[in-house]
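Data file: structure18.txt. Format and content: compact mmCIF, C-alpha atoms.
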```txt
# COMPACT_ATOMS: atom_id res chain seq x y z
CA MET A 1 58.84 328.20 124.75
CA SER A 2 58.31 328.10 120.98
CA ILE A 3 56.59 325.20 119.29
CA ASN A 4 58.02 324.07 115.97
CA SER A 5 55.70 323.22 113.11
CA PRO A 6 55.79 319.49 112.24
CA LEU A 7 56.84 320.33 108.66
CA ASP A 8 59.34 323.12 109.34
CA ASN A 9 62.25 321.28 107.75
CA VAL A 10 60.48 320.59 104.44
CA SER A 11 61.73 322.75 101.58
CA PHE A 12 58.65 322.89 99.33
CA THR A 13 55.20 324.42 99.60
CA LEU A 14 51.78 323.48 98.24
CA ASP A 15 50.81 325.84 95.43
CA ILE A 16 47.03 325.58 95.94
CA SER A 17 46.25 329.28 95.73
CA GLY A 18 45.38 329.21 92.05
CA VAL A 19 42.61 326.62 92.30
CA MET A 20 41.10 326.89 95.79
CA GLY A 21 38.53 329.53 94.77
CA PHE A 22 37.32 327.48 91.81
CA PHE A 23 37.65 323.93 93.13
CA GLY A 24 34.29 322.55 94.22
CA GLY A 25 32.38 325.54 92.86
CA GLU A 26 29.54 323.58 91.28
CA GLU A 27 29.08 321.46 94.39
CA ALA A 28 29.05 324.57 96.59
CA LEU A 29 26.43 326.19 94.33
CA SER A 30 24.26 323.10 94.42
CA ALA A 31 24.57 322.84 98.20
CA MET A 32 23.66 326.51 98.68
CA SER A 33 20.61 326.08 96.42
CA THR A 34 19.08 323.65 98.94
CA VAL A 35 19.45 326.00 101.91
CA HIS A 36 15.70 326.77 102.03
CA LEU A 37 14.64 323.13 101.84
CA TYR A 38 16.22 321.92 105.11
CA GLN A 39 15.04 322.96 108.54
CA GLY A 40 17.71 325.05 110.25
CA ARG A 41 20.14 324.75 107.34
CA ARG A 42 20.91 328.49 107.36
CA TRP A 43 22.53 328.14 110.81
CA PHE A 44 25.04 325.48 109.73
CA GLY A 45 27.23 327.20 107.14
CA TRP A 46 30.15 328.02 109.43
CA TYR A 47 32.86 326.02 107.66
CA ASN A 48 35.65 326.85 105.23
CA SER A 49 33.98 326.01 101.93
CA PRO A 50 35.69 325.79 98.53
CA GLY A 51 34.34 327.51 95.42
CA SER A 52 33.90 330.95 97.00
CA TYR A 53 34.58 332.75 93.70
CA VAL A 54 31.95 330.73 91.79
CA VAL A 55 29.36 331.17 94.56
CA ALA A 56 30.02 334.93 94.77
CA LYS A 57 29.70 335.48 91.00
CA LYS A 58 26.48 333.45 90.85
CA PHE A 59 24.54 334.76 93.84
CA GLY A 60 25.87 338.29 93.41
CA GLN A 61 23.60 338.54 90.37
CA LEU A 62 20.62 338.66 92.74
CA ALA A 63 21.64 342.17 93.84
CA LYS A 64 20.00 344.81 91.65
CA SER A 65 21.77 348.11 91.12
CA ARG A 66 24.30 349.57 88.72
CA PHE A 67 27.01 349.12 91.35
CA TRP A 68 26.29 345.42 91.85
CA ASP A 69 25.76 344.81 88.12
CA GLY A 70 29.25 346.19 87.52
CA ILE A 71 30.82 343.78 90.02
CA PHE A 72 28.59 340.80 89.21
CA PRO A 73 27.54 341.19 85.55
CA GLY A 74 24.77 339.07 84.08
CA PRO A 75 21.00 338.74 84.27
CA ASN A 76 19.16 339.46 87.52
CA PRO A 77 17.01 336.38 88.15
CA THR A 78 14.38 336.17 90.85
CA PRO A 79 15.34 334.28 94.03
CA GLU A 80 12.94 331.48 93.03
CA GLU A 81 14.68 331.07 89.66
CA MET A 82 18.13 331.32 91.22
CA PHE A 83 17.42 328.48 93.67
CA GLY A 84 15.56 326.28 91.16
CA LEU A 85 12.19 326.83 92.86
CA ASP A 86 10.54 328.19 89.73
CA GLY A 87 11.10 328.29 86.00
CA LYS A 88 10.19 324.72 85.01
CA GLU A 89 7.21 324.55 82.67
CA GLY A 90 4.60 321.92 83.43
CA PRO A 91 2.66 319.95 80.78
CA ARG A 92 -0.49 321.10 79.03
CA PHE A 93 -3.64 321.05 81.17
CA ILE A 94 -7.20 320.51 79.94
CA GLY A 95 -10.11 321.28 82.30
CA VAL A 96 -13.07 319.11 81.33
CA PHE A 97 -15.75 321.15 83.15
CA SER A 98 -14.20 324.61 83.23
CA GLY A 99 -13.11 324.59 79.58
CA THR A 100 -9.55 325.51 80.61
CA ASP A 101 -6.83 324.84 78.05
CA ARG A 102 -3.42 325.88 79.37
CA THR A 103 -0.65 325.18 76.89
CA THR A 104 1.89 325.28 79.70
CA THR A 105 1.43 325.07 83.44
CA GLY A 106 3.60 326.11 86.36
CA HIS A 107 6.35 324.67 88.50
CA LEU A 108 4.02 322.78 90.86
CA ALA A 109 2.35 321.05 87.90
CA TYR A 110 5.81 320.07 86.66
CA LEU A 111 6.64 318.53 90.05
CA THR A 112 3.25 316.74 90.10
CA ALA A 113 3.96 315.25 86.67
CA GLN A 114 7.39 314.11 87.87
CA LYS A 115 5.82 312.48 90.93
CA ALA A 116 3.34 310.60 88.72
CA LYS A 117 6.14 309.51 86.41
CA GLU A 118 8.10 308.02 89.33
CA THR A 119 5.07 306.15 90.72
CA GLU A 120 4.87 302.43 89.98
CA VAL A 121 1.89 301.25 87.97
CA THR A 122 -1.01 299.62 89.82
CA ASN A 123 -1.54 296.88 87.23
CA GLU A 124 2.13 295.94 86.85
CA LYS A 125 1.38 292.25 87.36
CA ILE A 126 -1.64 292.25 85.05
CA HIS A 127 -1.12 291.09 81.48
CA LEU A 128 -2.01 293.93 79.14
CA ARG A 129 -4.73 293.06 76.66
CA GLY A 130 -5.03 294.55 73.21
CA ARG A 131 -2.61 295.76 70.59
CA MET A 132 0.75 296.97 71.85
CA THR A 133 1.53 300.14 69.91
CA ALA A 134 2.35 303.45 71.63
CA SER A 135 1.96 302.29 75.21
CA GLY A 136 1.43 304.86 77.94
CA SER A 137 0.01 305.35 81.39
CA VAL A 138 -2.81 307.16 83.17
CA SER A 139 -2.30 308.40 86.74
CA ILE A 140 -5.25 309.52 88.88
CA ILE A 141 -4.72 312.01 91.73
CA ASP A 142 -7.65 313.06 93.90
CA VAL A 143 -6.96 316.47 95.44
CA ASP A 144 -10.48 317.13 96.78
CA ASP A 145 -9.30 317.03 100.40
CA VAL A 146 -6.21 319.16 99.81
CA LYS A 147 -6.29 322.52 101.58
CA LEU A 148 -3.33 324.58 100.42
CA ARG A 149 -3.44 328.14 101.72
CA GLN A 150 -2.27 331.32 100.01
CA GLY A 151 1.00 332.32 101.68
CA GLY A 152 1.10 329.06 103.63
CA ASN A 153 4.49 327.74 104.70
CA VAL A 154 6.05 324.93 102.70
CA PRO A 155 7.26 322.17 105.06
CA THR A 156 11.01 321.57 105.10
CA MET A 157 13.19 318.50 105.48
CA LYS A 158 13.96 317.40 109.05
CA VAL A 159 16.76 319.14 110.91
CA TYR A 160 18.94 316.02 111.10
CA HIS A 161 19.75 316.47 107.41
CA ALA A 162 21.28 319.86 108.23
CA LEU A 163 23.09 318.48 111.30
CA CYS A 164 25.48 316.66 108.96
CA ALA A 165 27.11 320.09 108.59
CA ALA A 166 28.67 319.47 112.01
CA ILE A 167 31.32 317.37 110.24
CA PRO A 168 32.84 320.17 108.09
CA ILE A 169 32.34 322.68 110.93
CA ILE A 170 34.30 320.51 113.36
CA SER A 171 36.92 319.83 110.68
CA SER A 172 37.42 323.56 110.05
CA LEU A 173 37.62 324.28 113.79
CA ALA A 174 40.13 321.45 114.27
CA SER A 175 42.25 322.82 111.43
CA CYS A 176 42.15 326.25 113.08
CA LEU A 177 43.25 324.84 116.43
CA ALA A 178 46.05 322.85 114.79
CA CYS A 179 47.32 326.01 113.05
CA ALA A 180 47.13 327.94 116.33
CA PHE A 181 49.03 325.15 118.11
CA ALA A 182 51.73 325.36 115.40
CA ARG A 183 51.74 329.18 115.65
CA ASP A 184 50.78 329.57 112.00
CA TRP A 185 48.49 332.54 112.54
CA LEU A 186 48.23 333.34 108.85
CA ALA A 187 46.68 329.95 107.99
CA PHE A 188 44.58 330.23 111.17
CA GLY A 189 43.19 333.60 110.08
CA LEU A 190 42.48 332.45 106.51
CA ILE A 191 40.51 329.42 107.68
CA ILE A 192 38.54 331.64 110.11
CA LEU A 193 37.90 334.06 107.23
CA GLY A 194 36.49 331.23 105.10
CA MET A 195 34.28 330.01 107.95
CA VAL A 196 32.86 333.47 108.69
CA SER A 197 32.24 334.48 105.07
CA ASN A 198 30.54 331.18 104.21
CA GLY A 199 28.53 331.23 107.45
CA LEU A 200 27.29 334.78 106.89
CA SER A 201 26.35 334.04 103.28
CA CYS A 202 24.47 330.89 104.25
CA PHE A 203 22.67 332.75 107.05
CA VAL A 204 21.58 335.66 104.84
CA ILE A 205 20.74 333.70 101.70
CA GLY A 206 18.90 331.07 103.73
CA SER A 207 16.79 333.63 105.58
CA GLY A 208 13.96 333.36 103.06
CA LYS A 209 10.70 331.70 104.04
CA LEU A 210 9.42 329.25 101.44
CA ARG A 211 5.69 329.77 100.88
CA PHE A 212 2.94 328.98 98.38
CA GLN A 213 1.68 331.59 95.94
CA LEU A 214 -1.74 330.43 94.76
CA ILE A 215 -4.53 331.62 92.48
CA GLU A 216 -7.91 332.26 94.09
CA PRO A 217 -10.65 331.26 91.59
CA SER A 218 -14.29 332.28 91.86
CA SER A 219 -16.25 330.39 94.51
CA TYR A 220 -18.88 329.74 91.81
CA ALA A 221 -16.44 328.10 89.40
CA PRO A 222 -17.28 324.55 88.22
CA ARG A 223 -15.24 321.56 89.33
CA GLY A 224 -11.61 321.69 88.34
CA ASP A 225 -11.32 318.08 87.08
CA GLY A 226 -8.93 317.81 84.17
CA PHE A 227 -5.74 316.18 82.97
CA LEU A 228 -2.09 316.97 82.32
CA MET A 229 -0.88 315.76 78.93
CA MET A 230 2.67 314.51 78.59
CA HIS A 231 4.32 312.71 75.69
CA ASN A 232 2.99 309.23 76.46
CA ASP A 233 1.42 309.73 79.86
CA ILE A 234 -1.71 311.33 81.28
CA VAL A 235 -2.15 312.67 84.82
CA ILE A 236 -5.78 313.15 85.88
CA LEU A 237 -6.44 315.72 88.62
CA LYS A 238 -9.82 315.45 90.34
CA GLY A 239 -11.06 318.08 92.76
CA ALA A 240 -12.58 321.51 93.21
CA GLU A 241 -11.32 324.32 90.99
CA LYS A 242 -9.40 325.91 93.87
CA GLU A 243 -7.45 322.73 94.66
CA VAL A 244 -6.69 321.86 91.04
CA ALA A 245 -5.71 325.47 90.24
CA SER A 246 -3.31 325.38 93.20
CA ILE A 247 -1.33 322.76 91.30
CA THR A 248 -1.72 323.99 87.72
CA LYS A 249 -1.24 327.71 88.46
CA GLY A 250 0.46 327.83 91.87
CA LYS A 251 4.16 328.19 92.58
CA PHE A 252 6.74 328.51 95.34
CA THR A 253 7.78 331.96 96.47
CA LEU A 254 10.53 333.15 98.81
CA GLU A 255 9.91 335.88 101.36
CA GLN A 256 13.31 337.41 102.03
CA PRO A 257 13.33 339.51 105.22
CA ASP A 258 17.13 339.66 105.54
CA MET A 259 18.23 339.86 101.91
CA GLY A 260 17.80 343.60 101.44
CA ASP A 261 15.07 346.20 101.14
CA ASN A 262 12.82 346.92 98.17
CA ASP A 263 13.81 343.79 96.30
CA LYS A 264 17.31 345.16 95.70
CA PHE A 265 18.95 342.34 97.69
CA ASN A 266 21.82 344.59 98.79
CA THR A 267 22.63 342.30 101.71
CA VAL A 268 23.19 339.43 99.30
CA GLY A 269 25.46 341.69 97.26
CA ILE A 270 27.50 342.49 100.39
CA CYS A 271 27.83 338.79 101.26
CA SER A 272 28.92 338.01 97.70
CA LEU A 273 31.49 340.82 97.91
CA ILE A 274 32.82 339.30 101.15
CA LEU A 275 33.14 335.91 99.43
CA LEU A 276 34.96 337.55 96.53
CA SER A 277 37.31 339.35 98.94
CA GLN A 278 37.91 336.05 100.75
CA PHE A 279 38.93 334.46 97.48
CA LEU A 280 41.39 337.27 96.68
CA LEU A 281 42.93 337.27 100.17
CA GLN A 282 43.34 333.51 100.18
CA LEU A 283 44.76 333.66 96.68
CA LEU A 284 47.47 336.07 97.82
CA LEU A 285 48.19 334.88 101.36
CA VAL A 286 47.89 331.07 101.43
CA PRO A 287 51.30 330.65 99.72
CA ARG A 288 52.79 332.73 102.55
CA ALA A 289 51.65 330.22 105.20
CA THR A 290 53.81 327.33 106.37
CA LEU A 291 53.50 323.95 104.70
CA PHE A 292 51.70 322.61 107.77
CA GLY A 293 49.23 325.51 107.65
CA GLN A 294 48.63 324.91 103.94
CA VAL A 295 47.94 321.22 104.64
CA MET A 296 45.44 322.15 107.37
CA PHE A 297 43.81 324.70 105.08
CA LEU A 298 43.54 322.15 102.28
CA SER A 299 42.17 319.45 104.60
CA SER A 300 39.37 321.77 105.77
CA LEU A 301 38.46 322.43 102.12
CA ALA A 302 38.48 318.72 101.32
CA VAL A 303 36.03 317.84 104.11
CA SER A 304 33.78 320.75 103.16
CA TRP A 305 33.86 319.68 99.52
CA ALA A 306 32.78 316.16 100.55
CA TYR A 307 29.83 317.62 102.51
CA ASN A 308 28.82 319.87 99.60
CA SER A 309 29.00 316.86 97.28
CA PHE A 310 26.70 314.96 99.64
CA LEU A 311 24.13 317.78 99.50
CA SER A 312 24.50 317.93 95.72
CA SER A 313 23.71 314.22 95.45
CA LEU A 314 20.28 314.86 97.00
CA GLU A 315 18.32 316.00 93.95
CA ASN A 316 16.79 319.43 94.40
CA GLU A 317 13.69 318.59 92.34
CA LYS A 318 13.14 315.33 94.20
CA ILE A 319 13.23 317.17 97.53
CA GLN A 320 10.79 319.80 96.23
CA THR A 321 8.45 317.07 94.99
CA ASP A 322 8.50 315.32 98.38
CA LEU A 323 7.80 318.60 100.19
CA LEU A 324 4.93 319.42 97.80
CA TRP A 325 3.40 315.99 98.36
CA LYS A 326 3.73 316.43 102.10
CA SER A 327 1.86 319.76 101.78
CA LEU A 328 -0.88 318.00 99.80
CA ASP A 329 -1.30 315.46 102.64
CA GLU A 330 0.18 312.63 100.57
CA PRO A 331 -2.70 312.04 98.12
CA PRO A 332 -2.54 308.49 96.71
CA ILE A 333 -1.79 307.98 93.04
CA THR A 334 -3.56 305.26 91.07
CA LYS A 335 -1.51 304.54 87.96
CA LEU A 336 -2.48 302.22 85.13
CA ALA A 337 -0.37 301.14 82.17
CA LEU A 338 -2.24 300.87 78.85
CA PRO A 339 -1.09 299.27 75.60
CA ASN A 340 -2.10 301.97 73.08
CA ARG A 341 -3.41 305.49 72.66
CA GLY A 342 -6.97 304.41 71.98
CA SER A 343 -7.43 302.47 75.22
CA GLN A 344 -5.60 305.24 77.11
CA ALA A 345 -7.97 307.94 75.78
CA VAL A 346 -11.11 305.88 76.49
CA TYR A 347 -9.97 304.99 80.00
CA THR A 348 -9.30 308.69 80.69
CA CYS A 349 -12.75 309.69 79.43
CA PHE A 350 -14.58 307.19 81.63
CA VAL A 351 -12.57 308.16 84.71
CA LEU A 352 -13.34 311.85 84.19
CA HIS A 353 -16.99 311.12 83.41
CA ALA A 354 -17.32 309.31 86.74
CA GLY A 355 -16.93 312.67 88.50
CA ALA A 356 -19.71 314.40 86.56
CA ASP A 357 -23.09 315.05 88.17
CA MET A 358 -25.28 314.33 85.16
CA SER A 359 -28.38 315.60 86.99
CA ARG A 360 -27.12 319.16 86.65
CA LYS A 361 -27.37 321.21 83.48
CA SER A 362 -23.75 322.27 83.84
CA SER A 363 -22.78 318.63 83.20
CA LYS A 364 -23.25 319.43 79.52
CA ASN A 365 -19.87 321.15 79.73
CA PHE A 366 -18.41 317.65 79.83
CA ARG A 367 -17.77 316.81 76.18
CA PRO A 368 -16.03 313.46 75.76
CA LYS A 369 -15.59 313.93 72.02
CA LYS A 370 -13.56 317.08 72.60
CA ILE A 371 -11.44 315.28 75.19
CA LEU A 372 -10.75 312.54 72.66
CA GLU A 373 -9.79 315.19 70.09
CA TYR A 374 -7.27 316.67 72.52
CA MET A 375 -5.70 313.28 73.12
CA ILE A 376 -5.93 311.89 69.58
CA PRO A 377 -6.16 314.80 67.13
CA ASN A 378 -5.86 312.64 63.96
CA ASP A 379 -8.17 314.28 61.42
CA THR A 380 -9.33 311.31 59.32
CA ARG A 381 -12.74 309.80 58.59
CA VAL A 382 -11.98 306.67 60.62
CA TRP A 383 -10.83 308.54 63.71
CA GLU A 384 -13.77 310.94 63.45
CA ALA A 385 -16.20 308.01 63.34
CA TRP A 386 -14.35 306.38 66.26
CA ARG A 387 -14.53 309.52 68.41
CA GLU A 388 -18.21 309.97 67.63
CA HIS A 389 -19.08 306.41 68.65
CA VAL A 390 -16.89 306.35 71.79
CA ALA A 391 -18.30 309.71 72.96
CA LYS A 392 -21.84 308.30 72.71
CA GLN A 393 -20.87 305.29 74.79
CA VAL A 394 -19.27 307.46 77.46
CA LEU A 395 -22.48 309.49 77.81
CA SER A 396 -24.77 306.47 77.51
CA ARG A 397 -26.74 305.56 80.63
CA GLU A 398 -26.78 301.89 79.63
CA ARG A 399 -24.83 299.60 81.95
CA THR A 400 -23.50 297.63 78.99
CA LYS A 401 -21.45 299.63 76.52
CA ASP A 402 -21.47 298.71 72.85
CA PHE A 403 -18.14 299.10 71.07
CA GLY A 404 -19.15 297.16 67.97
CA PRO A 405 -19.31 299.00 64.62
CA CYS A 406 -22.94 299.74 63.75
CA ARG A 407 -24.17 299.98 60.16
CA GLU A 408 -24.62 303.73 60.26
CA LEU A 409 -21.05 304.10 61.44
CA ILE A 410 -19.44 302.11 58.63
CA ALA A 411 -21.86 302.85 55.81
CA ASP A 412 -19.66 305.50 54.22
CA LEU A 413 -16.32 303.75 54.88
CA GLU A 414 -14.31 301.61 52.51
CA ASP A 415 -13.39 298.03 53.42
CA GLU A 416 -9.93 298.87 54.74
CA GLU A 417 -11.33 301.76 56.76
CA GLN A 418 -13.99 299.46 58.23
CA GLN A 419 -11.35 296.96 59.33
CA LEU A 420 -9.26 299.73 60.89
CA LEU A 421 -12.31 301.07 62.72
CA LYS A 422 -13.03 297.60 64.14
CA GLN A 423 -9.46 297.46 65.49
CA LEU A 424 -9.75 300.90 67.06
CA LEU A 425 -13.11 300.09 68.64
CA ALA A 426 -11.58 296.91 70.08
CA ASP A 427 -8.93 299.13 71.67
CA ALA A 428 -11.71 301.31 73.07
CA LYS A 429 -13.42 298.26 74.55
CA ASP A 430 -10.16 297.26 76.24
CA GLY A 431 -9.87 300.73 77.75
CA TYR A 432 -13.41 300.50 79.14
CA GLU A 433 -12.73 297.05 80.59
CA TYR A 434 -9.60 298.36 82.30
CA TYR A 435 -11.75 301.08 83.84
CA GLN A 436 -14.30 298.50 85.05
CA GLY A 437 -11.66 296.06 86.26
CA LEU A 438 -9.94 298.43 88.67
CA GLU A 439 -13.25 299.41 90.32
CA ILE A 440 -12.02 302.88 91.11
CA CYS A 441 -14.31 304.80 93.40
CA ILE A 442 -14.39 308.39 92.21
CA PRO A 443 -16.73 310.96 93.75
```
Will you turn the file into C-alpha cells for me?
Amino acid sequence: MSINSPLDNVSFTLDISGVMGFFGGEEALSAMSTVHLYQGRRWFGWYNSPGSYVVAKKFGQLAKSRFWDGIFPGPNPTPEEMFGLDGKEGPRFIGVFSGTDRTTTGHLAYLTAQKAKETEVTNEKIHLRGRMTASGSVSIIDVDDVKLRQGGNVPTMKVYHALCAAIPIISSLASCLACAFARDWLAFGLIILGMVSNGLSCFVIGSGKLRFQLIEPSSYAPRGDGFLMMHNDIVILKGAEKEVASITKGKFTLEQPDMGDNDKFNTVGICSLILLSQFLLQLLLVPRATLFGQVMFLSSLAVSWAYNSFLSSLENEKIQTDLLWKSLDEPPITKLALPNRGSQAVYTCFVLHAGADMSRKSSKNFRPKKILEYMIPNDTRVWEAWREHVAKQVLSRERTKDFGPCRELIADLEDEEQQLLKQLLADAKDGYEYYQGLEICIP
C-alpha cells in the first residue's frame, strides 16, 4: 500500500537551495565558537544546521597544508584565536614592587578588566566630595589566595546549557521520520546528511580541552602588587608575583587530541570538506525532493537556526569571564567611584602602600611619586610640586596626613599656580579620606 504525500497535488516547489547553505551562517559560527565552554556540548551537534558553507570556509582555515589552503584560502589562525579564546589585548600593567611596566597584557587581563568594569561601585549611595572633573573608578582585587595551576583545566558551564540541543535534534529526527512516512527518501537522506556532518564537526572541533597556560616567575620575586590602567578606570591587583602574573601574562590554550597530528589539524579539514560537500549536495538535490520533503527540510533548519541564535545571544566573552572568575575562586571586587584624577591617583597610592612591608629594605622599590607620574604624567611645575608633596605624605609614618601647601612648596610658584596647587591638594585630601572611610583591610 503506497502512502501519498500530503502535498502531492500542489504544483509549485520551494526554491530554497540557493540560500540554505548561507542562511544562519553567522549564528552557526557563533554557536560553534562556544563548543569548548559548555560541558558535554561536543556530543550534542547531531542536528541539521544551516550555514554549513560559512562554517566550512571559516573552520577549514585551521587546517595547515597546501592542499587545505587551496580549498580554504585565508590566514591560518591558532585554535585559540579562531574560537575567541585569545587575541584580545589587556590594559597596561604597572608592578609597584617588581618594577614591571607592560604596555599591553594578555587575554586574561582583558577579561579581568571587563569583570571590574561590570562590577557595581561600593560607594554608589555615597555623595562624592570634591571637584567633579574626569571621574573614574578604582577596583581592588585580592588574588593572594588564588592557586591557578599550569595546564590546569578551565571549568565549563553546566551540562544543562548543552541539553537545550535536544530541541533541534528531536526536530531533525521528527522531520526525518515524517519524510520516511511520506516515502520522500531524498529529503530523508539530505536531513540525515546534515545531522551527521554537523554532529561530526561539532564532535571533532569540540574535542579540545580548555586549559591555562601560565608564566612561572622566580620563587624569589617580590610581591606582584600593581594596577591595570584603563581610560578612566584603575584595577588594582594584590597578591604574590605568581598569582598576579597568572592574570597579566596567562592565557587560555586548547589541547586538541582529535583535531589532527602535528598541529596540522587535518581532521578539522576533513570535517570542513564534509560540510562543504553537504552544502553542494543539498544545493543540487533539495529541489528534486517533494514539496512536503522540502517543508520538512526547511522546518528542521528553522529550529536549528533558533537554537544557534540562542547560543549566539550568550556572549562568548561574558562566559569566559565567568569561567575565569570561577577558576579564581570568585575573589571579591571592591570598587570605588572617584570624582577626579587627583583623588583617584592618591587613593590608588594609599591602597598599594598598605600592602608594603616597610620594615624590609626591598620596600624602597615602592615609589609613590613614580606611580603618580604613571597615572598623571602632566609635566608642569604645579603637578611636579603636587606629586612631590603627595608622595611624601604616602610614605609618612604620621597618622595625620598634611595636604596643605607648605611655604617651601609654593615659594617658587606664581599666584595662579599657588591657587591651582591648593585645588589639587584638596583633591588629594579627598582621595585619602575615601581610603580611610572605606576601612579596607589589605594584607
Taking (-4.3, 304.1, 80.5) in the coordinates of the supplied file, I want to know which residues reach to within 6 Å of it, counting only C-alpha atoms; could you give the answer as a PyMOL selection string? chain A and resi 137-138+336-338+344+347
From the options A:Ser33, A:Thr334, A:Ser312, A:Gln436, which residue's atoms come nearest to Glu120 in chain A, counting all atoms listed in the file? A:Thr334
Can you tell me how far CA of Asp322 in chain A sits from CA of Thr253 in chain A, in Å to one decimal? 16.8 Å
For the atom pair CA of Ala162 in chain A and CA of Gln39 in chain A, what is the interatomic distance in Å to one decimal place? 7.0 Å
Neighbouring residues of Gly208 in chain A were defined as those with any atom within 10 Å, considering only C-alpha atoms; residues of the same chain fewer than 3 positions away were excluded. Please report them as JSON, numbers by chain. {"A": [35, 36, 42, 79, 203, 204, 205, 211, 253, 254, 255, 256, 257, 258, 259]}
Just to confirm, what's the straight-line distance from CA of Ser218 in chain A to CA of Phe97 in chain A in Å (one decimal)? 14.2 Å
